[in-house]
file protein-v4.json (JSON, C-alpha atoms and all ligand atoms)
[["chain", "number", "residue", "atom", "x", "y", "z"],
["A", 1, "MET", "CA", 10.76, -23.12, -7.44],
["A", 2, "ARG", "CA", 10.20, -19.47, -8.26],
["A", 3, "LEU", "CA", 11.47, -16.93, -10.74],
["A", 4, "LEU", "CA", 11.54, -13.16, -11.03],
["A", 5, "LEU", "CA", 10.70, -11.66, -14.42],
["A", 6, "ALA", "CA", 11.49, -8.04, -15.20],
["A", 7, "PHE", "CA", 12.10, -5.62, -18.05],
["A", 8, "ASP", "CA", 15.55, -4.27, -18.82],
["A", 9, "ASP", "CA", 14.64, -0.66, -17.94],
["A", 10, "GLU", "CA", 14.05, -1.70, -14.31],
["A", 11, "LEU", "CA", 17.09, -3.91, -13.94],
["A", 12, "ALA", "CA", 18.64, -2.19, -10.91],
["A", 13, "LEU", "CA", 15.65, -2.84, -8.65],
["A", 14, "ALA", "CA", 15.08, -6.27, -10.25],
["A", 15, "GLN", "CA", 18.63, -7.36, -9.37],
["A", 16, "GLN", "CA", 18.26, -6.15, -5.79],
["A", 17, "LEU", "CA", 14.92, -7.93, -5.45],
["A", 18, "ALA", "CA", 16.25, -11.19, -6.94],
["A", 19, "ALA", "CA", 19.18, -11.07, -4.50],
["A", 20, "GLU", "CA", 16.82, -10.50, -1.56],
["A", 21, "LEU", "CA", 14.56, -13.33, -2.72],
["A", 22, "GLY", "CA", 17.46, -15.65, -3.56],
["A", 23, "CYS", "CA", 15.82, -16.57, -6.84],
["A", 24, "PRO", "CA", 16.82, -16.37, -10.51],
["A", 25, "LEU", "CA", 16.04, -13.26, -12.53],
["A", 26, "HIS", "CA", 15.15, -13.32, -16.22],
["A", 27, "THR", "CA", 14.30, -10.37, -18.39],
["A", 28, "ILE", "CA", 11.39, -10.26, -20.79],
["A", 29, "GLN", "CA", 12.70, -9.36, -24.25],
["A", 30, "ARG", "CA", 10.71, -6.61, -25.92],
["A", 31, "HIS", "CA", 10.63, -5.33, -29.46],
["A", 32, "THR", "CA", 8.48, -2.49, -30.73],
["A", 33, "PHE", "CA", 7.35, -2.83, -34.33],
["A", 34, "PRO", "CA", 7.23, 0.22, -36.63],
["A", 35, "ASP", "CA", 3.46, 0.48, -36.12],
["A", 36, "GLY", "CA", 3.82, 0.61, -32.34],
["A", 37, "GLU", "CA", 2.75, -2.95, -31.59],
["A", 38, "MET", "CA", 5.07, -4.89, -29.29],
["A", 39, "ARG", "CA", 6.52, -8.37, -29.31],
["A", 40, "LEU", "CA", 7.43, -9.96, -25.98],
["A", 41, "VAL", "CA", 9.57, -13.05, -25.44],
["A", 42, "LEU", "CA", 9.49, -14.78, -22.05],
["A", 43, "PRO", "CA", 11.77, -17.58, -20.86],
["A", 44, "LYS", "CA", 10.31, -21.05, -21.49],
["A", 45, "PRO", "CA", 9.29, -23.06, -19.53],
["A", 46, "LEU", "CA", 8.38, -21.11, -16.38],
["A", 47, "PRO", "CA", 8.25, -22.50, -12.84],
["A", 48, "GLU", "CA", 5.01, -22.63, -10.82],
["A", 49, "HIS", "CA", 5.66, -19.40, -8.92],
["A", 50, "VAL", "CA", 6.41, -16.38, -11.07],
["A", 51, "VAL", "CA", 6.91, -12.84, -9.82],
["A", 52, "LEU", "CA", 6.65, -10.12, -12.46],
["A", 53, "LEU", "CA", 8.20, -6.75, -11.62],
["A", 54, "ARG", "CA", 6.76, -3.82, -13.55],
["A", 55, "GLY", "CA", 6.30, -0.25, -12.32],
["A", 56, "LEU", "CA", 3.54, 1.68, -14.06],
["A", 57, "GLN", "CA", 5.20, 5.07, -14.56],
["A", 58, "GLN", "CA", 4.22, 6.23, -18.10],
["A", 59, "PRO", "CA", 1.56, 3.56, -17.72],
["A", 60, "ASN", "CA", -0.27, 2.99, -20.96],
["A", 61, "ASP", "CA", 2.28, 0.92, -22.90],
["A", 62, "LYS", "CA", 3.19, -0.93, -19.74],
["A", 63, "LEU", "CA", -0.40, -1.92, -19.12],
["A", 64, "VAL", "CA", -0.52, -3.48, -22.59],
["A", 65, "GLU", "CA", 2.76, -5.28, -21.81],
["A", 66, "LEU", "CA", 1.17, -6.75, -18.71],
["A", 67, "MET", "CA", -2.00, -7.77, -20.57],
["A", 68, "ILE", "CA", 0.22, -9.75, -22.97],
["A", 69, "ALA", "CA", 2.86, -10.99, -20.51],
["A", 70, "ALA", "CA", 0.47, -12.34, -17.85],
["A", 71, "PRO", "CA", -1.49, -14.84, -19.96],
["A", 72, "THR", "CA", 1.73, -15.85, -21.73],
["A", 73, "ALA", "CA", 3.36, -16.60, -18.36],
["A", 74, "ARG", "CA", 0.44, -18.89, -17.53],
["A", 75, "GLU", "CA", 0.69, -20.64, -20.90],
["A", 76, "LEU", "CA", 4.38, -21.23, -20.19],
["A", 77, "GLY", "CA", 3.75, -22.88, -16.82],
["A", 78, "ALA", "CA", 3.13, -20.25, -14.12],
["A", 79, "LYS", "CA", 0.47, -21.46, -11.68],
["A", 80, "ARG", "CA", 0.74, -18.57, -9.25],
["A", 81, "LEU", "CA", 1.50, -15.22, -10.82],
["A", 82, "LEU", "CA", 2.37, -12.25, -8.65],
["A", 83, "LEU", "CA", 2.66, -8.68, -9.90],
["A", 84, "VAL", "CA", 5.08, -6.41, -8.06],
["A", 85, "THR", "CA", 4.30, -2.94, -9.32],
["A", 86, "PRO", "CA", 6.27, -0.48, -7.18],
["A", 87, "TYR", "CA", 4.35, 2.46, -8.69],
["A", 88, "LEU", "CA", 0.67, 1.76, -9.31],
["A", 89, "ALA", "CA", -0.68, 4.30, -11.78],
["A", 90, "TYR", "CA", -4.22, 5.67, -12.20],
["A", 91, "MET", "CA", -4.85, 5.75, -8.44],
["A", 92, "ARG", "CA", -5.47, 9.52, -8.41],
["A", 93, "GLN", "CA", -8.45, 9.23, -10.73],
["A", 94, "ASP", "CA", -10.66, 8.07, -7.89],
["A", 95, "MET", "CA", -13.95, 9.87, -8.49],
["A", 96, "GLU", "CA", -16.13, 11.27, -11.23],
["A", 97, "PHE", "CA", -14.75, 14.82, -11.01],
["A", 98, "THR", "CA", -16.91, 15.93, -13.96],
["A", 99, "PRO", "CA", -20.07, 14.18, -15.22],
["A", 100, "GLY", "CA", -19.21, 11.17, -17.36],
["A", 101, "GLU", "CA", -15.56, 11.04, -16.28],
["A", 102, "ALA", "CA", -14.17, 7.50, -15.91],
["A", 103, "VAL", "CA", -13.18, 6.48, -12.39],
["A", 104, "SER", "CA", -10.02, 4.90, -13.78],
["A", 105, "GLN", "CA", -8.76, 3.78, -10.38],
["A", 106, "ARG", "CA", -11.52, 1.14, -10.21],
["A", 107, "HIS", "CA", -11.10, -0.09, -13.78],
["A", 108, "ILE", "CA", -7.32, -0.35, -13.79],
["A", 109, "ALA", "CA", -7.27, -2.11, -10.42],
["A", 110, "ARG", "CA", -9.92, -4.58, -11.61],
["A", 111, "LEU", "CA", -8.07, -5.23, -14.87],
["A", 112, "LEU", "CA", -4.85, -6.07, -13.01],
["A", 113, "SER", "CA", -6.70, -8.27, -10.53],
["A", 114, "GLN", "CA", -8.09, -10.31, -13.43],
["A", 115, "HIS", "CA", -4.61, -11.09, -14.75],
["A", 116, "PHE", "CA", -2.63, -11.66, -11.55],
["A", 117, "ASP", "CA", -3.24, -13.76, -8.44],
["A", 118, "ALA", "CA", -1.86, -11.04, -6.20],
["A", 119, "LEU", "CA", -0.44, -7.54, -6.53],
["A", 120, "ILE", "CA", 2.12, -5.80, -4.33],
["A", 121, "THR", "CA", 2.70, -2.08, -4.59],
["A", 122, "VAL", "CA", 4.19, 0.84, -2.65],
["A", 123, "ASP", "CA", 2.37, 3.95, -1.45],
["A", 124, "PRO", "CA", -0.53, 3.80, -3.91],
["A", 125, "HIS", "CA", -2.41, 7.09, -3.98],
["A", 126, "LEU", "CA", -5.34, 6.03, -1.83],
["A", 127, "HIS", "CA", -7.26, 9.15, -0.98],
["A", 128, "ARG", "CA", -11.01, 8.64, -1.20],
["A", 129, "ILE", "CA", -10.69, 4.92, -0.48],
["A", 130, "ALA", "CA", -8.96, 3.42, 2.53],
["A", 131, "SER", "CA", -7.52, 0.28, 0.98],
["A", 132, "LEU", "CA", -7.00, -1.59, -2.29],
["A", 133, "ASP", "CA", -9.67, -4.04, -1.09],
["A", 134, "GLU", "CA", -12.23, -1.44, -2.20],
["A", 135, "VAL", "CA", -11.14, -1.70, -5.84],
["A", 136, "MET", "CA", -10.02, -5.32, -6.15],
["A", 137, "PRO", "CA", -11.02, -8.63, -4.57],
["A", 138, "ALA", "CA", -10.30, -8.56, -0.82],
["A", 139, "GLY", "CA", -6.75, -9.55, 0.05],
["A", 140, "GLN", "CA", -5.49, -9.57, -3.53],
["A", 141, "GLY", "CA", -3.72, -6.20, -3.37],
["A", 142, "ARG", "CA", -1.07, -5.34, -0.79],
["A", 143, "ALA", "CA", 0.12, -1.77, -0.23],
["A", 144, "LEU", "CA", 3.51, -1.26, 1.40],
["A", 145, "SER", "CA", 4.94, 2.09, 2.43],
["A", 146, "ALA", "CA", 8.31, 3.68, 1.79],
["A", 147, "ALA", "CA", 7.47, 6.54, 4.17],
["A", 148, "PRO", "CA", 9.34, 5.12, 7.20],
["A", 149, "LEU", "CA", 12.45, 4.53, 5.05],
["A", 150, "LEU", "CA", 12.28, 8.09, 3.73],
["A", 151, "GLY", "CA", 11.68, 9.45, 7.24],
["A", 152, "ARG", "CA", 14.79, 7.73, 8.60],
["A", 153, "TRP", "CA", 16.85, 8.87, 5.59],
["A", 154, "ILE", "CA", 15.72, 12.46, 6.11],
["A", 155, "ALA", "CA", 16.56, 12.32, 9.82],
["A", 156, "GLN", "CA", 20.12, 11.22, 8.94],
["A", 157, "GLN", "CA", 20.58, 13.91, 6.29],
["A", 158, "ARG", "CA", 18.79, 16.78, 8.08],
["A", 159, "PRO", "CA", 18.64, 16.06, 11.80],
["A", 160, "GLY", "CA", 15.78, 17.95, 13.44],
["A", 161, "ALA", "CA", 14.10, 18.85, 10.12],
["A", 162, "LEU", "CA", 10.44, 19.79, 10.04],
["A", 163, "LEU", "CA", 8.50, 17.53, 7.67],
["A", 164, "ILE", "CA", 5.73, 19.24, 5.73],
["A", 165, "GLY", "CA", 3.16, 17.49, 3.56],
["A", 166, "PRO", "CA", 1.73, 19.88, 0.94],
["A", 167, "ASP", "CA", -1.84, 18.58, 0.98],
["A", 168, "GLU", "CA", -4.37, 16.52, 2.92],
["A", 169, "GLU", "CA", -3.60, 13.34, 1.00],
["A", 170, "SER", "CA", 0.04, 13.50, 2.07],
["A", 171, "ALA", "CA", -0.93, 13.37, 5.76],
["A", 172, "GLN", "CA", -0.76, 9.54, 5.81],
["A", 173, "TRP", "CA", 2.81, 9.40, 4.48],
["A", 174, "VAL", "CA", 4.11, 12.39, 6.43],
["A", 175, "ALA", "CA", 2.74, 11.04, 9.71],
["A", 176, "GLU", "CA", 4.36, 7.64, 9.09],
["A", 177, "ALA", "CA", 7.71, 9.13, 8.10],
["A", 178, "ALA", "CA", 7.70, 11.47, 11.10],
["A", 179, "ALA", "CA", 6.81, 8.68, 13.52],
["A", 180, "ALA", "CA", 9.56, 6.39, 12.18],
["A", 181, "ALA", "CA", 12.19, 9.13, 12.46],
["A", 182, "GLY", "CA", 11.03, 11.10, 15.51],
["A", 183, "LEU", "CA", 10.60, 14.30, 13.48],
["A", 184, "ALA", "CA", 7.99, 17.05, 13.83],
["A", 185, "HIS", "CA", 5.46, 17.34, 11.02],
["A", 186, "ALA", "CA", 2.60, 19.40, 9.64],
["A", 187, "VAL", "CA", 0.30, 19.22, 6.62],
["A", 188, "GLY", "CA", -1.20, 21.83, 4.28],
["A", 189, "ARG", "CA", -4.20, 21.97, 1.93],
["A", 190, "LYS", "CA", -4.23, 22.12, -1.83],
["A", 191, "LEU", "CA", -6.65, 23.20, -4.51],
["A", 192, "ARG", "CA", -5.65, 21.96, -7.96],
["A", 193, "GLN", "CA", -6.71, 24.28, -10.76],
["A", 194, "GLY", "CA", -4.99, 22.51, -13.65],
["A", 195, "ASP", "CA", -2.11, 20.17, -14.49],
["A", 196, "HIS", "CA", 0.42, 22.90, -13.70],
["A", 197, "GLN", "CA", -1.62, 25.15, -11.42],
["A", 198, "VAL", "CA", -2.11, 24.52, -7.73],
["A", 199, "GLN", "CA", -3.11, 26.76, -4.85],
["A", 200, "LEU", "CA", -1.66, 25.82, -1.47],
["A", 201, "ALA", "CA", -2.57, 26.77, 2.08],
["A", 202, "LEU", "CA", 0.38, 25.66, 4.18],
["A", 203, "PRO", "CA", 0.15, 25.07, 7.94],
["A", 204, "GLU", "CA", 0.79, 28.05, 10.24],
["A", 205, "VAL", "CA", 3.81, 26.48, 11.93],
["A", 206, "GLU", "CA", 7.00, 28.43, 12.65],
["A", 207, "VAL", "CA", 9.49, 27.67, 9.87],
["A", 208, "ALA", "CA", 11.85, 30.65, 10.16],
["A", 209, "GLY", "CA", 15.43, 29.41, 10.51],
["A", 210, "ARG", "CA", 14.41, 25.74, 10.38],
["A", 211, "PRO", "CA", 15.40, 23.10, 7.82],
["A", 212, "VAL", "CA", 12.20, 21.96, 6.14],
["A", 213, "VAL", "CA", 11.71, 18.80, 4.10],
["A", 214, "LEU", "CA", 8.64, 18.52, 1.89],
["A", 215, "LEU", "CA", 7.36, 14.97, 1.67],
["A", 216, "ASP", "CA", 4.77, 13.55, -0.70],
["A", 217, "ASP", "CA", 3.88, 10.25, -2.35],
["A", 218, "MET", "CA", 4.87, 11.50, -5.81],
["A", 219, "ALA", "CA", 6.03, 14.43, -7.85],
["A", 220, "SER", "CA", 4.72, 14.64, -11.40],
["A", 221, "THR", "CA", 4.93, 18.19, -12.76],
["A", 222, "GLY", "CA", 6.53, 19.16, -9.46],
["A", 223, "ARG", "CA", 4.20, 22.16, -9.15],
["A", 224, "THR", "CA", 2.79, 21.05, -5.79],
["A", 225, "LEU", "CA", 6.28, 20.98, -4.30],
["A", 226, "VAL", "CA", 7.34, 24.16, -6.13],
["A", 227, "GLY", "CA", 4.38, 26.09, -4.69],
["A", 228, "ALA", "CA", 5.14, 24.83, -1.20],
["A", 229, "ALA", "CA", 8.87, 25.54, -1.44],
["A", 230, "GLU", "CA", 8.30, 29.11, -2.63],
["A", 231, "GLN", "CA", 5.95, 29.91, 0.25],
["A", 232, "LEU", "CA", 8.19, 28.35, 2.88],
["A", 233, "LEU", "CA", 11.29, 30.20, 1.68],
["A", 234, "VAL", "CA", 9.38, 33.50, 1.83],
["A", 235, "ARG", "CA", 8.49, 32.59, 5.42],
["A", 236, "GLY", "CA", 12.20, 32.20, 6.24],
["A", 237, "ALA", "CA", 12.84, 28.44, 6.16],
["A", 238, "ALA", "CA", 16.59, 27.78, 6.45],
["A", 239, "SER", "CA", 16.50, 25.20, 3.66],
["A", 240, "ILE", "CA", 13.97, 23.27, 1.62],
["A", 241, "ASP", "CA", 14.63, 19.71, 0.53],
["A", 242, "VAL", "CA", 12.21, 17.30, -1.05],
["A", 243, "ALA", "CA", 11.47, 13.60, -0.54],
["A", 244, "VAL", "CA", 8.95, 11.55, -2.50],
["A", 245, "THR", "CA", 8.23, 7.87, -2.86],
["A", 246, "HIS", "CA", 7.64, 7.98, -6.63],
["A", 247, "ALA", "CA", 10.08, 10.12, -8.63],
["A", 248, "LEU", "CA", 8.00, 10.72, -11.75],
["A", 249, "PHE", "CA", 9.38, 14.25, -12.28],
["A", 250, "ASN", "CA", 7.74, 14.77, -15.65],
["A", 251, "GLY", "CA", 8.64, 17.56, -18.11],
["A", 252, "ASP", "CA", 10.53, 20.44, -16.51],
["A", 253, "ALA", "CA", 9.71, 19.39, -12.93],
["A", 254, "LEU", "CA", 13.32, 19.20, -11.76],
["A", 255, "LEU", "CA", 14.25, 22.55, -13.29],
["A", 256, "ALA", "CA", 11.21, 24.16, -11.70],
["A", 257, "LEU", "CA", 12.13, 22.72, -8.30],
["A", 258, "ARG", "CA", 15.70, 24.01, -8.55],
["A", 259, "ALA", "CA", 14.43, 27.43, -9.67],
["A", 260, "ALA", "CA", 12.14, 27.50, -6.63],
["A", 261, "GLY", "CA", 15.15, 27.08, -4.31],
["A", 262, "VAL", "CA", 14.87, 23.38, -3.49],
["A", 263, "GLY", "CA", 18.16, 21.82, -2.35],
["A", 264, "ALA", "CA", 18.30, 18.03, -2.18],
["A", 265, "ILE", "CA", 15.77, 15.82, -3.96],
["A", 266, "TRP", "CA", 15.42, 12.29, -2.60],
["A", 267, "SER", "CA", 13.18, 9.41, -3.59],
["A", 268, "ALA", "CA", 12.59, 5.71, -3.04],
["A", 269, "ASN", "CA", 13.59, 3.49, -5.96],
["A", 270, "THR", "CA", 10.03, 2.60, -6.98],
["A", 271, "VAL", "CA", 10.68, 4.54, -10.19],
["A", 272, "PRO", "CA", 14.27, 4.47, -11.54],
["A", 273, "HIS", "CA", 15.64, 8.03, -11.16],
["A", 274, "ALA", "CA", 18.83, 9.88, -10.26],
["A", 275, "SER", "CA", 17.20, 10.97, -6.99],
["A", 276, "ASN", "CA", 16.77, 7.35, -5.73],
["A", 277, "ALA", "CA", 18.16, 7.34, -2.19],
["A", 278, "VAL", "CA", 16.43, 4.48, -0.35],
["A", 279, "SER", "CA", 15.73, 0.96, -1.58],
["A", 280, "ILE", "CA", 12.41, -0.77, -1.23],
["A", 281, "ALA", "CA", 13.85, -4.15, -2.30],
["A", 282, "PRO", "CA", 13.93, -5.68, 1.22],
["A", 283, "LEU", "CA", 10.36, -4.49, 1.84],
["A", 284, "LEU", "CA", 9.16, -6.00, -1.45],
["A", 285, "ALA", "CA", 11.01, -9.26, -0.83],
["A", 286, "ARG", "CA", 9.32, -9.79, 2.54],
["A", 287, "ALA", "CA", 5.91, -9.18, 0.97],
["A", 288, "VAL", "CA", 6.67, -11.55, -1.94],
["A", 289, "ASP", "CA", 7.78, -14.27, 0.50],
["A", 290, "GLU", "CA", 4.52, -13.86, 2.41],
["A", 291, "ALA", "CA", 2.40, -13.88, -0.75],
["A", 292, "LEU", "CA", 4.05, -17.07, -1.98],
["A", 293, "GLN", "CA", 3.66, -18.95, 1.32],
["A", 294, "PRO", "CA", 1.83, -22.24, 0.79],
["A", 295, "GLY", "CA", -1.88, -21.76, 1.35],
["A", 296, "GLN", "CA", -1.98, -18.11, 0.22],
["A", 297, "ALA", "CA", -4.99, -17.69, -2.01],
["A", 298, "GLY", "CA", -6.07, -14.71, -4.06],
["B", 1, "LIG", "C1", -1.72, 14.35, -5.30],
["B", 1, "LIG", "O1", -2.27, 14.98, -4.44],
["B", 1, "LIG", "C2", -0.36, 13.77, -5.08],
["B", 1, "LIG", "O2", -0.19, 13.40, -3.76],
["B", 1, "LIG", "C3", 0.74, 14.75, -5.47],
["B", 1, "LIG", "O3", 0.72, 15.85, -4.59],
["B", 1, "LIG", "C4", 0.54, 15.24, -6.86],
["B", 1, "LIG", "O4", 0.19, 14.20, -7.73],
["B", 1, "LIG", "C5", 1.79, 15.92, -7.37],
["B", 1, "LIG", "O5", 1.56, 16.35, -8.66],
["B", 1, "LIG", "P1", 2.41, 17.53, -9.29],
["B", 1, "LIG", "O6", 3.83, 17.18, -9.08],
["B", 1, "LIG", "O7", 2.01, 17.51, -10.75],
["B", 1, "LIG", "O8", 2.00, 18.79, -8.61]]

call {"tool": "encode", "arguments": {"input": "protein-v4.json", "output": "structure tokens"}}
result
Amino acid sequence: MRLLLAFDDELALAQQLAAELGCPLHTIQRHTFPDGEMRLVLPKPLPEHVVLLRGLQQPNDKLVELMIAAPTARELGAKRLLLVTPYLAYMRQDMEFTPGEAVSQRHIARLLSQHFDALITVDPHLHRIASLDEVMPAGQGRALSAAPLLGRWIAQQRPGALLIGPDEESAQWVAEAAAAAGLAHAVGRKLRQGDHQVQLALPEVEVAGRPVVLLDDMASTGRTLVGAAEQLLVRGAASIDVAVTHALFNGDALLALRAAGVGAIWSANTVPHASNAVSIAPLLARAVDEALQPGQAG
């Protein structure tokens, strides 16, 4: 017997995932007190296998939710507790960029691994490490990729498009998307000078007259994609569209992208957003089934 737990602001994906898994879905009730503390109410009792869906966009409150919800789920009967976190935050803080700076990637991954038996996520920003095994006990974290889904979507919408990844980190996702869809691809380099300032060196491929789709794991301020779009339009690209796994689009990101001449904006539904175009629910369901097979440890 298993159960999917979710929060009401991620209901669309939760319902898809419950349907794929063929299991009941219950929401965790949440109340925020005037002082900012939260009160959570879980269904009682819980079955042995519990899957908790929680993406970590705007992560800090959600991390506290998880720190409260996970031990409560165990008190209420969960023996095997699986976290499905379609967007895993803090993965970009993966080195001590300035002396004394916390390498948050390590600490957040360890914290989650202490509360859950296994974690499933999608396109975590793994740049200086090759796998989640480097930041949590081996085999406990599983990274799936939405890149092939996005690649096939792009090929349907813009047949023959050139896929461009704005920076070195995006190479992994762009290569996967291109391979799944049979599209050409290239990757640039980026120097980040601040939250909203980036300097890009895009690849010297011919873009004049071609439809170009920029692909990345996430857009936050959107400035990486804005910088790339502006350069490619100056070089004569026929159109610029954008596809990302995680549609964070913080602040004025969408306005800035439109002002830069970007046409369509597509994303996977790891983060609920109007741009969601492909669903990761079947991918997540397969991984959950595998993680809950008898004999799976971790
Ligand atoms: C980092 O390299 C990531 O892959 C993204 O390129 C980056 O986080 C996007 O951030 P922003 O939208 O703020 O430029």

call {"tool": "closest_residue", "arguments": {"input": "protein-v4.json", "among": "A:Ala109, A:Ala12, A:Ala181, A:Ala19", "to": "Leu63 in chain A", "atoms": "all atoms listed in the file"}}
result
A:Ala109

call {"tool": "closest_residue", "arguments": {"input": "protein-v4.json", "among": "A:Gln58, A:Gln293, A:Gln140, A:Asn250", "to": "Arg110 in chain A", "atoms": "only C-alpha atoms"}}
result
A:Gln140

call {"tool": "closest_atom_pairs", "arguments": {"input": "protein-v4.json", "of": "chain A", "to": "ligand LIG 1 (chain B)", "cutoff": "6 Å", "atoms": "only C-alpha atoms and all ligand atoms", "output": "tab-separated table"}}
result
residue	atom	partner	partner_atom	distance
A:Glu169	CA	B:LIG1	O1	5.8
A:Ser170	CA	B:LIG1	O2	5.8
A:Asp216	CA	B:LIG1	O2	5.8
A:Asp217	CA	B:LIG1	O2	5.3
A:Met218	CA	B:LIG1	C3	5.3
A:Ala219	CA	B:LIG1	O6	3.7
A:Ser220	CA	B:LIG1	O6	3.6
A:Thr221	CA	B:LIG1	O7	3.6
A:Gly222	CA	B:LIG1	O6	3.4
A:Arg223	CA	B:LIG1	O8	4.1
A:Thr224	CA	B:LIG1	O8	3.7

call {"tool": "closest_residue", "arguments": {"input": "protein-v4.json", "among": "A:Gln105, A:Thr85, A:Ser239, A:Thr32", "to": "Asn269 in chain A", "atoms": "only C-alpha atoms"}}
result
A:Thr85

call {"tool": "atom_distance", "arguments": {"input": "protein-v4.json", "atom1": "CA of Asn276 in chain A", "atom2": "CA of Asp9 in chain A"}}
result
14.8 Å

call {"tool": "residues_around", "arguments": {"input": "protein-v4.json", "residues": "Ala69 in chain A", "least_positions_apart": "2", "cutoff": "9 Å", "atoms": "only C-alpha atoms", "output": "PyMOL selection string"}}
result
chain A and resi 28+40-42+52+64-67+71-74

call {"tool": "write_last_selection", "arguments": {"input": "protein-v4.json", "atoms": "C-alpha atoms", "output": "mmCIF file, in the frame of the given file"}}
result
data_model
loop_
_atom_site.group_PDB
_atom_site.id
_atom_site.type_symbol
_atom_site.label_atom_id
_atom_site.label_comp_id
_atom_site.auth_asym_id
_atom_site.auth_seq_id
_atom_site.Cartn_x
_atom_site.Cartn_y
_atom_site.Cartn_z
ATOM 1 C CA ILE A 28 11.390 -10.260 -20.790
ATOM 2 C CA LEU A 40 7.430 -9.960 -25.980
ATOM 3 C CA VAL A 41 9.570 -13.050 -25.440
ATOM 4 C CA LEU A 42 9.490 -14.780 -22.050
ATOM 5 C CA LEU A 52 6.650 -10.120 -12.460
ATOM 6 C CA VAL A 64 -0.520 -3.480 -22.590
ATOM 7 C CA GLU A 65 2.760 -5.280 -21.810
ATOM 8 C CA LEU A 66 1.170 -6.750 -18.710
ATOM 9 C CA MET A 67 -2.000 -7.770 -20.570
ATOM 10 C CA PRO A 71 -1.490 -14.840 -19.960
ATOM 11 C CA THR A 72 1.730 -15.850 -21.730
ATOM 12 C CA ALA A 73 3.360 -16.600 -18.360
ATOM 13 C CA ARG A 74 0.440 -18.890 -17.530
#

call {"tool": "closest_residue", "arguments": {"input": "protein-v4.json", "among": "A:Ala147, A:Val226, A:Leu25, A:Leu162", "to": "Arg258 in chain A", "atoms": "all atoms listed in the file"}}
result
A:Val226

call {"tool": "residues_around", "arguments": {"input": "protein-v4.json", "residues": "range 262-267 of chain A", "least_positions_apart": "4", "cutoff": "12 Å", "atoms": "all atoms listed in the file", "output": "JSON, numbers by chain"}}
result
{"A": [146, 147, 149, 150, 151, 153, 154, 157, 158, 211, 212, 213, 214, 215, 216, 217, 218, 219, 222, 225, 226, 227, 228, 229, 230, 231, 232, 233, 237, 238, 239, 240, 241, 242, 243, 244, 245, 246, 247, 248, 249, 253, 254, 255, 256, 257, 258, 271, 272, 273, 274, 275, 276, 277, 278, 279, 280]}

call {"tool": "closest_residue", "arguments": {"input": "protein-v4.json", "among": "A:Ala143, A:Val174, A:Met1, A:Leu11", "to": "Val122 in chain A", "atoms": "all atoms listed in the file"}}
result
A:Ala143

call {"tool": "atom_distance", "arguments": {"input": "protein-v4.json", "atom1": "CA of Trp173 in chain A", "atom2": "CA of Pro148 in chain A"}}
result
8.3 Å

call {"tool": "residues_near_point", "arguments": {"input": "protein-v4.json", "point": "(12.2, -22.1, -22.8)", "cutoff": "12 Å", "atoms": "only C-alpha atoms", "output": "NGL selection string"}}
result
:A and (26 or 41-47 or 73 or 75-77)

call {"tool": "atom_distance", "arguments": {"input": "protein-v4.json", "atom1": "CA of Phe33 in chain A", "atom2": "CA of Val84 in chain A"}}
result
26.6 Å

call {"tool": "closest_residue", "arguments": {"input": "protein-v4.json", "among": "A:Ala102, A:Leu56, A:Pro166, A:Leu112", "to": "Ala89 in chain A", "atoms": "all atoms listed in the file"}}
result
A:Leu56

call {"tool": "residues_around", "arguments": {"input": "protein-v4.json", "residues": "range 127-131 of chain A", "least_positions_apart": "2", "cutoff": "7 Å", "atoms": "all atoms listed in the file", "output": "ChimeraX atom specification"}}
result
/A:94,125,133-134,169
